[in-house]
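Note sheet for the following structure.
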Amino acid sequence: MKRALQSVFGLAFGILLFVNTSTLHAETVAPEELVRRLAADVTDAVRKDPELQNPASPKIADIVGRLIVPRFDFQRITQFAMGRNWAKATPAEQKEIVDQFGRLLTRTYSNAIASLKELDIEVKGTKIITANADVTVKTQMIGRPQPVAIDYSLINGPAGWKVYDVTVEGISLIAAYREEFGTLVSSSGVSGLIDVLKKKNGA
């Protein structure tokens with residue numbers, strides 16, 4: 001993935017790291033309001049805490065470790081990114097890919113949190129794919145020379161709304177990785193993909 005695009009995905013990803021989870025579990029929050037709250041919480045937190053403005057701060061790693069999993073449906077993200085190659089993996093391989101890909105996304109994109117102090121997110125509306133089940137919340141990142149359109153795709157399940165894709169200026173996170181994963185599986189098989197993910201994660 002191109003570095004510039006990866007950076008913007010990182011900013012979009014980081015926005016959903018901060019929120020009071022007990023509050024969200026205690027009430028039903030519409031996806032649009034959820035994203036609006038998350039965006040406000042993260043930018044406010046970064047601006048107030050100098051430690052969060054340092055990409056190397058262990059505090060960022062701690063926050064990501066505790067809060068990223070409840071926010072994203074890594075199983076769905078990985079399965080969609082794999083596409084038809086998902087069926088080629090054994091259940092054990094599927095689990096390993098989900099684990100490794102989740103770690104990669106978390107580690108890569110958490111580095112962008114420090115940049116959020118200079119940015120704001122405006123929620124522009126919601127596109128309903130399936131009522132009460134699948135929606136896309138449309139937002140705009142402002143604070144850069146040009147506003148950046150960011151769409152969050154969310155699915156509603158037993159644990160509430162979770163993000164399963166992020167689209168930046170029309171480019172989907174899932175689609176961006178699908179081509180890379182497909183090339184790796186074609187050349188090295190599922191085991192080769194797992195090896196590459198492990199290497200990227202330092203495993």
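Simple scheme: letters A, B, ... for chains in structure tokens order, numbers from 1 for residues in each chain, numbers from 1 for ligands in the order shown.
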
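Near A:Ala159, within 10 Å and counting only C-alpha atoms, sit His25, Pro70, Arg71, Asn156 and Lys162 of chain A, not including residues fewer than 3 positions from it in the same chain.
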
Only N, CA and C atoms, please: the residues just picked out, written as a PDB file, in the first residue's frame.
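Written output follows (result-v9.pdb):
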ATOM      1  N   HIS A  25     -22.072   0.462  26.047  1.00  0.00           N
ATOM      2  CA  HIS A  25     -22.770  -0.784  26.325  1.00  0.00           C
ATOM      3  C   HIS A  25     -24.056  -0.546  27.104  1.00  0.00           C
ATOM      4  N   PRO A  70     -12.435  -4.118  20.509  1.00  0.00           N
ATOM      5  CA  PRO A  70     -13.885  -3.923  20.554  1.00  0.00           C
ATOM      6  C   PRO A  70     -14.416  -3.032  19.441  1.00  0.00           C
ATOM      7  N   ARG A  71     -13.550  -2.296  18.799  1.00  0.00           N
ATOM      8  CA  ARG A  71     -13.999  -1.326  17.821  1.00  0.00           C
ATOM      9  C   ARG A  71     -14.096  -1.869  16.399  1.00  0.00           C
ATOM     10  N   ASN A 156     -23.840  -4.445  12.567  1.00  0.00           N
ATOM     11  CA  ASN A 156     -24.434  -4.560  13.901  1.00  0.00           C
ATOM     12  C   ASN A 156     -24.553  -6.030  14.298  1.00  0.00           C
ATOM     13  N   LYS A 162     -19.730  -2.585  14.881  1.00  0.00           N
ATOM     14  CA  LYS A 162     -18.288  -2.709  14.690  1.00  0.00           C
ATOM     15  C   LYS A 162     -17.925  -2.315  13.259  1.00  0.00           C
TER      16      LYS A 162
END

From a DSSP calculation on the backbone, collect every residue of stretch 21-196 of chain A in strand (DSSP E or B) and output the set as a PDB file with N, CA and C atoms, in the first residue's frame.
ATOM      1  N   PHE A  72     -13.329  -2.924  16.085  1.00  0.00           N
ATOM      2  CA  PHE A  72     -13.248  -3.439  14.715  1.00  0.00           C
ATOM      3  C   PHE A  72     -13.567  -4.930  14.661  1.00  0.00           C
ATOM      4  N   ASP A 120      -9.720  17.525  12.600  1.00  0.00           N
ATOM      5  CA  ASP A 120     -11.087  17.354  13.100  1.00  0.00           C
ATOM      6  C   ASP A 120     -11.853  16.491  12.112  1.00  0.00           C
ATOM      7  N   ILE A 121     -12.881  15.833  12.630  1.00  0.00           N
ATOM      8  CA  ILE A 121     -13.727  14.993  11.784  1.00  0.00           C
ATOM      9  C   ILE A 121     -15.160  15.510  11.834  1.00  0.00           C
ATOM     10  N   GLU A 122     -15.733  15.721  10.667  1.00  0.00           N
ATOM     11  CA  GLU A 122     -17.134  16.107  10.567  1.00  0.00           C
ATOM     12  C   GLU A 122     -17.947  14.941  10.021  1.00  0.00           C
ATOM     13  N   VAL A 123     -19.015  14.577  10.708  1.00  0.00           N
ATOM     14  CA  VAL A 123     -19.903  13.527  10.212  1.00  0.00           C
ATOM     15  C   VAL A 123     -20.879  14.150   9.224  1.00  0.00           C
ATOM     16  N   LYS A 124     -20.925  13.581   8.021  1.00  0.00           N
ATOM     17  CA  LYS A 124     -21.711  14.170   6.938  1.00  0.00           C
ATOM     18  C   LYS A 124     -23.043  13.455   6.705  1.00  0.00           C
ATOM     19  N   GLY A 125     -23.223  12.273   7.286  1.00  0.00           N
ATOM     20  CA  GLY A 125     -24.470  11.545   7.099  1.00  0.00           C
ATOM     21  C   GLY A 125     -24.257  10.045   7.083  1.00  0.00           C
ATOM     22  N   THR A 126     -25.341   9.304   6.943  1.00  0.00           N
ATOM     23  CA  THR A 126     -25.285   7.847   6.983  1.00  0.00           C
ATOM     24  C   THR A 126     -26.020   7.244   5.789  1.00  0.00           C
ATOM     25  N   LYS A 127     -25.376   6.282   5.146  1.00  0.00           N
ATOM     26  CA  LYS A 127     -26.018   5.517   4.077  1.00  0.00           C
ATOM     27  C   LYS A 127     -26.412   4.163   4.645  1.00  0.00           C
ATOM     28  N   ILE A 128     -27.683   3.843   4.607  1.00  0.00           N
ATOM     29  CA  ILE A 128     -28.170   2.580   5.144  1.00  0.00           C
ATOM     30  C   ILE A 128     -28.088   1.502   4.068  1.00  0.00           C
ATOM     31  N   ILE A 129     -27.320   0.469   4.369  1.00  0.00           N
ATOM     32  CA  ILE A 129     -27.215  -0.675   3.449  1.00  0.00           C
ATOM     33  C   ILE A 129     -28.320  -1.673   3.779  1.00  0.00           C
ATOM     34  N   THR A 130     -28.407  -2.048   5.038  1.00  0.00           N
ATOM     35  CA  THR A 130     -29.478  -2.897   5.556  1.00  0.00           C
ATOM     36  C   THR A 130     -29.933  -2.298   6.873  1.00  0.00           C
ATOM     37  N   ASP A 134     -26.438  -2.921   8.714  1.00  0.00           N
ATOM     38  CA  ASP A 134     -25.246  -2.608   7.914  1.00  0.00           C
ATOM     39  C   ASP A 134     -25.374  -1.184   7.389  1.00  0.00           C
ATOM     40  N   VAL A 135     -24.437  -0.304   7.794  1.00  0.00           N
ATOM     41  CA  VAL A 135     -24.516   1.090   7.381  1.00  0.00           C
ATOM     42  C   VAL A 135     -23.128   1.617   7.033  1.00  0.00           C
ATOM     43  N   THR A 136     -23.101   2.731   6.330  1.00  0.00           N
ATOM     44  CA  THR A 136     -21.866   3.453   6.063  1.00  0.00           C
ATOM     45  C   THR A 136     -22.015   4.870   6.585  1.00  0.00           C
ATOM     46  N   VAL A 137     -21.143   5.243   7.513  1.00  0.00           N
ATOM     47  CA  VAL A 137     -21.147   6.605   8.057  1.00  0.00           C
ATOM     48  C   VAL A 137     -20.127   7.416   7.284  1.00  0.00           C
ATOM     49  N   LYS A 138     -20.608   8.491   6.647  1.00  0.00           N
ATOM     50  CA  LYS A 138     -19.757   9.326   5.814  1.00  0.00           C
ATOM     51  C   LYS A 138     -19.206  10.491   6.646  1.00  0.00           C
ATOM     52  N   THR A 139     -17.885  10.667   6.610  1.00  0.00           N
ATOM     53  CA  THR A 139     -17.263  11.749   7.356  1.00  0.00           C
ATOM     54  C   THR A 139     -16.283  12.499   6.464  1.00  0.00           C
ATOM     55  N   GLN A 140     -15.793  13.590   6.997  1.00  0.00           N
ATOM     56  CA  GLN A 140     -14.785  14.383   6.295  1.00  0.00           C
ATOM     57  C   GLN A 140     -13.722  14.815   7.295  1.00  0.00           C
ATOM     58  N   MET A 141     -12.462  14.532   6.969  1.00  0.00           N
ATOM     59  CA  MET A 141     -11.357  14.966   7.807  1.00  0.00           C
ATOM     60  C   MET A 141     -10.914  16.356   7.354  1.00  0.00           C
ATOM     61  N   ILE A 142     -10.900  17.305   8.287  1.00  0.00           N
ATOM     62  CA  ILE A 142     -10.488  18.661   7.964  1.00  0.00           C
ATOM     63  C   ILE A 142      -9.275  19.039   8.812  1.00  0.00           C
ATOM     64  N   VAL A 148     -10.523  15.471   3.446  1.00  0.00           N
ATOM     65  CA  VAL A 148     -10.406  14.082   3.015  1.00  0.00           C
ATOM     66  C   VAL A 148     -11.700  13.346   3.373  1.00  0.00           C
ATOM     67  N   ALA A 149     -12.346  12.743   2.369  1.00  0.00           N
ATOM     68  CA  ALA A 149     -13.573  11.984   2.607  1.00  0.00           C
ATOM     69  C   ALA A 149     -13.228  10.606   3.168  1.00  0.00           C
ATOM     70  N   ILE A 150     -13.824  10.265   4.308  1.00  0.00           N
ATOM     71  CA  ILE A 150     -13.593   8.969   4.945  1.00  0.00           C
ATOM     72  C   ILE A 150     -14.947   8.345   5.277  1.00  0.00           C
ATOM     73  N   ASP A 151     -15.188   7.142   4.770  1.00  0.00           N
ATOM     74  CA  ASP A 151     -16.424   6.417   5.047  1.00  0.00           C
ATOM     75  C   ASP A 151     -16.127   5.217   5.935  1.00  0.00           C
ATOM     76  N   TYR A 152     -16.929   5.055   6.981  1.00  0.00           N
ATOM     77  CA  TYR A 152     -16.796   3.911   7.882  1.00  0.00           C
ATOM     78  C   TYR A 152     -17.962   2.955   7.653  1.00  0.00           C
ATOM     79  N   SER A 153     -17.661   1.707   7.294  1.00  0.00           N
ATOM     80  CA  SER A 153     -18.695   0.679   7.135  1.00  0.00           C
ATOM     81  C   SER A 153     -18.809  -0.074   8.447  1.00  0.00           C
ATOM     82  N   LEU A 154     -20.027  -0.138   8.986  1.00  0.00           N
ATOM     83  CA  LEU A 154     -20.249  -0.783  10.279  1.00  0.00           C
ATOM     84  C   LEU A 154     -21.320  -1.858  10.167  1.00  0.00           C
ATOM     85  N   ILE A 155     -21.111  -2.936  10.906  1.00  0.00           N
ATOM     86  CA  ILE A 155     -22.061  -4.038  10.966  1.00  0.00           C
ATOM     87  C   ILE A 155     -22.561  -4.163  12.397  1.00  0.00           C
ATOM     88  N   ASN A 156     -23.840  -4.445  12.567  1.00  0.00           N
ATOM     89  CA  ASN A 156     -24.434  -4.560  13.901  1.00  0.00           C
ATOM     90  C   ASN A 156     -24.553  -6.030  14.298  1.00  0.00           C
ATOM     91  N   GLY A 157     -23.988  -6.375  15.458  1.00  0.00           N
ATOM     92  CA  GLY A 157     -24.029  -7.757  15.934  1.00  0.00           C
ATOM     93  C   GLY A 157     -24.284  -7.809  17.415  1.00  0.00           C
ATOM     94  N   GLY A 160     -22.750  -5.151  19.426  1.00  0.00           N
ATOM     95  CA  GLY A 160     -23.002  -3.788  18.982  1.00  0.00           C
ATOM     96  C   GLY A 160     -22.363  -3.506  17.634  1.00  0.00           C
ATOM     97  N   TRP A 161     -22.288  -2.244  17.279  1.00  0.00           N
ATOM     98  CA  TRP A 161     -21.753  -1.841  15.979  1.00  0.00           C
ATOM     99  C   TRP A 161     -20.243  -1.963  15.956  1.00  0.00           C
ATOM    100  N   LYS A 162     -19.730  -2.585  14.881  1.00  0.00           N
ATOM    101  CA  LYS A 162     -18.288  -2.709  14.690  1.00  0.00           C
ATOM    102  C   LYS A 162     -17.925  -2.315  13.259  1.00  0.00           C
ATOM    103  N   VAL A 163     -16.759  -1.729  13.114  1.00  0.00           N
ATOM    104  CA  VAL A 163     -16.269  -1.323  11.793  1.00  0.00           C
ATOM    105  C   VAL A 163     -15.688  -2.530  11.069  1.00  0.00           C
ATOM    106  N   TYR A 164     -16.070  -2.692   9.793  1.00  0.00           N
ATOM    107  CA  TYR A 164     -15.495  -3.789   9.007  1.00  0.00           C
ATOM    108  C   TYR A 164     -14.808  -3.287   7.738  1.00  0.00           C
ATOM    109  N   ASP A 165     -14.872  -1.982   7.486  1.00  0.00           N
ATOM    110  CA  ASP A 165     -14.107  -1.420   6.369  1.00  0.00           C
ATOM    111  C   ASP A 165     -14.010   0.089   6.553  1.00  0.00           C
ATOM    112  N   VAL A 166     -12.935   0.659   6.048  1.00  0.00           N
ATOM    113  CA  VAL A 166     -12.738   2.106   6.019  1.00  0.00           C
ATOM    114  C   VAL A 166     -12.385   2.471   4.584  1.00  0.00           C
ATOM    115  N   THR A 167     -13.080   3.455   4.042  1.00  0.00           N
ATOM    116  CA  THR A 167     -12.841   3.884   2.666  1.00  0.00           C
ATOM    117  C   THR A 167     -12.377   5.335   2.668  1.00  0.00           C
ATOM    118  N   VAL A 168     -11.200   5.584   2.129  1.00  0.00           N
ATOM    119  CA  VAL A 168     -10.613   6.921   2.083  1.00  0.00           C
ATOM    120  C   VAL A 168     -10.590   7.394   0.637  1.00  0.00           C
ATOM    121  N   ILE A 171     -11.171   4.743  -1.850  1.00  0.00           N
ATOM    122  CA  ILE A 171     -10.317   3.554  -1.813  1.00  0.00           C
ATOM    123  C   ILE A 171     -10.575   2.780  -0.523  1.00  0.00           C
ATOM    124  N   SER A 172     -10.996   1.549  -0.656  1.00  0.00           N
ATOM    125  CA  SER A 172     -11.356   0.702   0.476  1.00  0.00           C
ATOM    126  C   SER A 172     -10.129   0.031   1.078  1.00  0.00           C
TER     127      SER A 172
END

List every residue of chain A that DSSP, applied to the backbone, labels as alpha helix (DSSP H), and write the result as a PDB file with C-alpha atoms, in the first residue's frame.
ATOM      1  CA  ARG A   3       2.793   5.290   2.134  1.00  0.00           C
ATOM      2  CA  ALA A   4       0.628   8.417   1.693  1.00  0.00           C
ATOM      3  CA  LEU A   5      -2.556   6.348   1.512  1.00  0.00           C
ATOM      4  CA  GLN A   6      -1.432   4.239   4.456  1.00  0.00           C
ATOM      5  CA  SER A   7      -0.936   7.404   6.500  1.00  0.00           C
ATOM      6  CA  VAL A   8      -4.489   8.612   5.889  1.00  0.00           C
ATOM      7  CA  PHE A   9      -5.893   5.157   6.626  1.00  0.00           C
ATOM      8  CA  GLY A  10      -3.938   5.353   9.855  1.00  0.00           C
ATOM      9  CA  LEU A  11      -5.579   8.604  10.843  1.00  0.00           C
ATOM     10  CA  ALA A  12      -9.009   7.197  10.021  1.00  0.00           C
ATOM     11  CA  PHE A  13      -8.222   4.045  11.971  1.00  0.00           C
ATOM     12  CA  GLY A  14      -6.931   5.944  15.001  1.00  0.00           C
ATOM     13  CA  THR A  21     -17.012   1.524  26.358  1.00  0.00           C
ATOM     14  CA  SER A  22     -19.152   1.202  29.505  1.00  0.00           C
ATOM     15  CA  THR A  23     -21.276   4.110  28.317  1.00  0.00           C
ATOM     16  CA  LEU A  24     -21.773   2.576  24.885  1.00  0.00           C
ATOM     17  CA  HIS A  25     -22.770  -0.784  26.325  1.00  0.00           C
ATOM     18  CA  ALA A  26     -25.275   0.848  28.655  1.00  0.00           C
ATOM     19  CA  PRO A  31     -23.707   4.465  14.185  1.00  0.00           C
ATOM     20  CA  GLU A  32     -23.576   8.123  13.157  1.00  0.00           C
ATOM     21  CA  GLU A  33     -23.601   9.278  16.779  1.00  0.00           C
ATOM     22  CA  LEU A  34     -21.037   6.609  17.681  1.00  0.00           C
ATOM     23  CA  VAL A  35     -18.569   7.872  15.065  1.00  0.00           C
ATOM     24  CA  ARG A  36     -19.246  11.493  16.054  1.00  0.00           C
ATOM     25  CA  ARG A  37     -18.497  10.740  19.716  1.00  0.00           C
ATOM     26  CA  LEU A  38     -15.402   8.742  18.896  1.00  0.00           C
ATOM     27  CA  ALA A  39     -14.008  11.479  16.680  1.00  0.00           C
ATOM     28  CA  ALA A  40     -14.575  14.115  19.345  1.00  0.00           C
ATOM     29  CA  ASP A  41     -13.109  11.936  22.099  1.00  0.00           C
ATOM     30  CA  VAL A  42      -9.926  11.037  20.259  1.00  0.00           C
ATOM     31  CA  THR A  43      -9.031  14.527  19.057  1.00  0.00           C
ATOM     32  CA  ASP A  44      -9.744  15.970  22.502  1.00  0.00           C
ATOM     33  CA  ALA A  45      -7.658  13.279  24.220  1.00  0.00           C
ATOM     34  CA  VAL A  46      -4.655  13.782  21.928  1.00  0.00           C
ATOM     35  CA  ARG A  47      -4.738  17.559  22.305  1.00  0.00           C
ATOM     36  CA  LYS A  48      -4.861  17.358  26.100  1.00  0.00           C
ATOM     37  CA  PRO A  58       4.051   3.368  25.404  1.00  0.00           C
ATOM     38  CA  LYS A  59       0.763   4.980  26.397  1.00  0.00           C
ATOM     39  CA  ILE A  60      -0.400   4.788  22.779  1.00  0.00           C
ATOM     40  CA  ALA A  61       0.443   1.086  22.633  1.00  0.00           C
ATOM     41  CA  ASP A  62      -1.482   0.502  25.856  1.00  0.00           C
ATOM     42  CA  ILE A  63      -4.573   2.328  24.636  1.00  0.00           C
ATOM     43  CA  VAL A  64      -4.510   0.536  21.307  1.00  0.00           C
ATOM     44  CA  GLY A  65      -4.118  -2.833  22.990  1.00  0.00           C
ATOM     45  CA  ARG A  66      -7.114  -2.293  25.240  1.00  0.00           C
ATOM     46  CA  LEU A  67      -9.496  -0.508  22.898  1.00  0.00           C
ATOM     47  CA  ILE A  68      -8.868  -1.506  19.298  1.00  0.00           C
ATOM     48  CA  VAL A  69     -10.388  -5.003  19.400  1.00  0.00           C
ATOM     49  CA  PRO A  70     -13.885  -3.923  20.554  1.00  0.00           C
ATOM     50  CA  ARG A  71     -13.999  -1.326  17.821  1.00  0.00           C
ATOM     51  CA  PHE A  74     -11.127  -8.205  12.384  1.00  0.00           C
ATOM     52  CA  GLN A  75     -12.661 -11.536  11.408  1.00  0.00           C
ATOM     53  CA  ARG A  76     -14.848  -9.880   8.785  1.00  0.00           C
ATOM     54  CA  ILE A  77     -12.108  -7.486   7.650  1.00  0.00           C
ATOM     55  CA  THR A  78      -9.679 -10.358   7.105  1.00  0.00           C
ATOM     56  CA  GLN A  79     -12.207 -12.624   5.396  1.00  0.00           C
ATOM     57  CA  PHE A  80     -13.191  -9.867   2.951  1.00  0.00           C
ATOM     58  CA  ALA A  81      -9.538  -8.956   2.331  1.00  0.00           C
ATOM     59  CA  MET A  82      -8.786 -12.605   1.528  1.00  0.00           C
ATOM     60  CA  PRO A  91      -9.560 -23.178  10.130  1.00  0.00           C
ATOM     61  CA  ALA A  92      -6.210 -22.990  11.952  1.00  0.00           C
ATOM     62  CA  GLU A  93      -4.696 -20.924   9.127  1.00  0.00           C
ATOM     63  CA  GLN A  94      -7.740 -18.644   9.058  1.00  0.00           C
ATOM     64  CA  LYS A  95      -7.352 -17.957  12.762  1.00  0.00           C
ATOM     65  CA  GLU A  96      -3.647 -17.257  12.335  1.00  0.00           C
ATOM     66  CA  ILE A  97      -4.292 -14.852   9.459  1.00  0.00           C
ATOM     67  CA  VAL A  98      -6.925 -12.966  11.462  1.00  0.00           C
ATOM     68  CA  ASP A  99      -4.557 -12.699  14.432  1.00  0.00           C
ATOM     69  CA  GLN A 100      -1.561 -11.589  12.372  1.00  0.00           C
ATOM     70  CA  PHE A 101      -3.495  -9.178  10.152  1.00  0.00           C
ATOM     71  CA  GLY A 102      -5.174  -7.640  13.210  1.00  0.00           C
ATOM     72  CA  ARG A 103      -1.771  -7.109  14.821  1.00  0.00           C
ATOM     73  CA  LEU A 104      -0.422  -5.572  11.615  1.00  0.00           C
ATOM     74  CA  LEU A 105      -3.292  -3.098  11.284  1.00  0.00           C
ATOM     75  CA  THR A 106      -3.133  -2.181  14.952  1.00  0.00           C
ATOM     76  CA  ARG A 107       0.633  -1.638  14.991  1.00  0.00           C
ATOM     77  CA  THR A 108       0.835   0.159  11.664  1.00  0.00           C
ATOM     78  CA  TYR A 109      -2.033   2.551  12.133  1.00  0.00           C
ATOM     79  CA  SER A 110      -1.595   3.340  15.820  1.00  0.00           C
ATOM     80  CA  LEU A 173      -9.004  -0.697   3.112  1.00  0.00           C
ATOM     81  CA  ILE A 174     -10.257  -4.193   2.265  1.00  0.00           C
ATOM     82  CA  ALA A 175      -9.749  -3.709  -1.466  1.00  0.00           C
ATOM     83  CA  ALA A 176      -6.278  -2.244  -0.922  1.00  0.00           C
ATOM     84  CA  TYR A 177      -5.140  -5.376   0.884  1.00  0.00           C
ATOM     85  CA  ARG A 178      -7.083  -7.874  -1.261  1.00  0.00           C
ATOM     86  CA  GLU A 179      -4.762  -7.412  -4.234  1.00  0.00           C
ATOM     87  CA  GLU A 180      -1.667  -7.795  -2.050  1.00  0.00           C
ATOM     88  CA  PHE A 181      -3.034 -10.906  -0.330  1.00  0.00           C
ATOM     89  CA  GLY A 182      -4.102 -12.428  -3.640  1.00  0.00           C
ATOM     90  CA  THR A 183      -0.641 -11.961  -5.121  1.00  0.00           C
ATOM     91  CA  LEU A 184       1.014 -13.559  -2.089  1.00  0.00           C
ATOM     92  CA  VAL A 185      -1.344 -16.557  -2.045  1.00  0.00           C
ATOM     93  CA  SER A 186      -0.876 -17.086  -5.794  1.00  0.00           C
ATOM     94  CA  SER A 187       2.915 -17.073  -5.508  1.00  0.00           C
ATOM     95  CA  SER A 188       3.486 -18.672  -2.094  1.00  0.00           C
ATOM     96  CA  GLY A 189       0.214 -20.182  -0.932  1.00  0.00           C
ATOM     97  CA  VAL A 190      -1.667 -19.448   2.274  1.00  0.00           C
ATOM     98  CA  SER A 191       1.355 -20.431   4.351  1.00  0.00           C
ATOM     99  CA  GLY A 192       3.436 -17.887   2.435  1.00  0.00           C
ATOM    100  CA  LEU A 193       0.939 -15.133   3.272  1.00  0.00           C
ATOM    101  CA  ILE A 194       1.100 -16.090   6.950  1.00  0.00           C
ATOM    102  CA  ASP A 195       4.899 -16.011   6.858  1.00  0.00           C
ATOM    103  CA  VAL A 196       4.892 -12.508   5.340  1.00  0.00           C
ATOM    104  CA  LEU A 197       2.420 -11.226   7.958  1.00  0.00           C
ATOM    105  CA  LYS A 198       4.518 -12.734  10.752  1.00  0.00           C
ATOM    106  CA  LYS A 199       7.650 -11.149   9.352  1.00  0.00           C
ATOM    107  CA  LYS A 200       5.973  -7.746   9.208  1.00  0.00           C
TER     108      LYS A 200
END

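Between atom CA of A:Glu118 and atom CA of A:Ala56 there is a distance of 17.9 Å.
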
- prompt: Just how far from atom CA of A:Pro55 is atom CA of A:Ala112, in Å to one decimal?
  reply: 7.1 Å
